[in-house]
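Here's the structure, in structure tokens; my notes come after.
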Amino acid sequence: MKEICICPRLSKAMDLLGKRWTTLILYQLLEGPQRFNEIESSLPISGRLLSERLKELEKEGIVERKVYSEVPIRVEYSLTEKGNALEGAIREVEKWSKLWIN
């Protein structure tokens, strides 16, 4: 039987991007920096799950969380350079979906 060798980096990328809502969160952030409630209101996702996904993406260096010392405190999320590098892949999947998904 032939042994299949999977690239560990591709596997990690697919695990990360394949988590439910992750790619749609990234797609939303392609529009620019947004507050938590803006992201939450644009997607049918619970606040708890959105918070979890944003923390994972921040830990991976894909999303940046910026806290402004205002009253009330303002927090914005944006894509890092690493996150913006995913735009091409996300846009290609978007194009593919328009052609092939009913």
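Quick note on naming: the chains in the structure tokens go A, B, ... in the order shown, residues restart at 1 in each chain, and ligands are numbered from 1 in order of appearance.
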
Near-region 31-44 of chain A list (7 Å; only C-alpha atoms; drop same-chain fewer than 4 positions) as a PyMOL selection string:
chain A and resi 75-78

Since we have the selection now, will you write its residues out, keeping C-alpha atoms, as a compact mmCIF listing (two decimals), in the first residue's frame?
```
# COMPACT_ATOMS: atom_id res chain seq x y z
CA VAL A 75 -11.52 47.36 21.06
CA GLU A 76 -10.98 46.78 17.34
CA TYR A 77 -9.90 43.69 15.47
CA SER A 78 -7.97 43.81 12.22
```

So that I can check the surroundings of Gly61 (chain A), please list as a list in words every protein, DNA and RNA residue that reaches within 8 Å of it, counting only C-alpha atoms and ignoring chain neighbours fewer than 2 positions away.
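My list of contacting residues is Leu57, Glu58, Lys59, Val63, Glu64, Thr80, Lys82 and Gly83 of chain A.
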
Could you tell me how far CA of Val93 (chain A) sits from CA of Thr23 (chain A), in Å to one decimal place?
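Value for the CA of Thr23 (chain A)-CA of Val93 (chain A) distance: 10.2 Å.
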
Using the chain letters and numbers from this document, which residues of chain A does DSSP assign to helix (DSSP H, G or I), as an MDAnalysis selection string?
chainID A and resid 8:17 22:29 36:42 47:59 81:84 87:100

Ranking A:Arg74, A:Leu86, A:Ser51, A:Ser69 by minimum distance to Leu17 (chain A) and counting only C-alpha atoms, which one comes first?
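Closest residue, counting only C-alpha atoms: A:Leu86.
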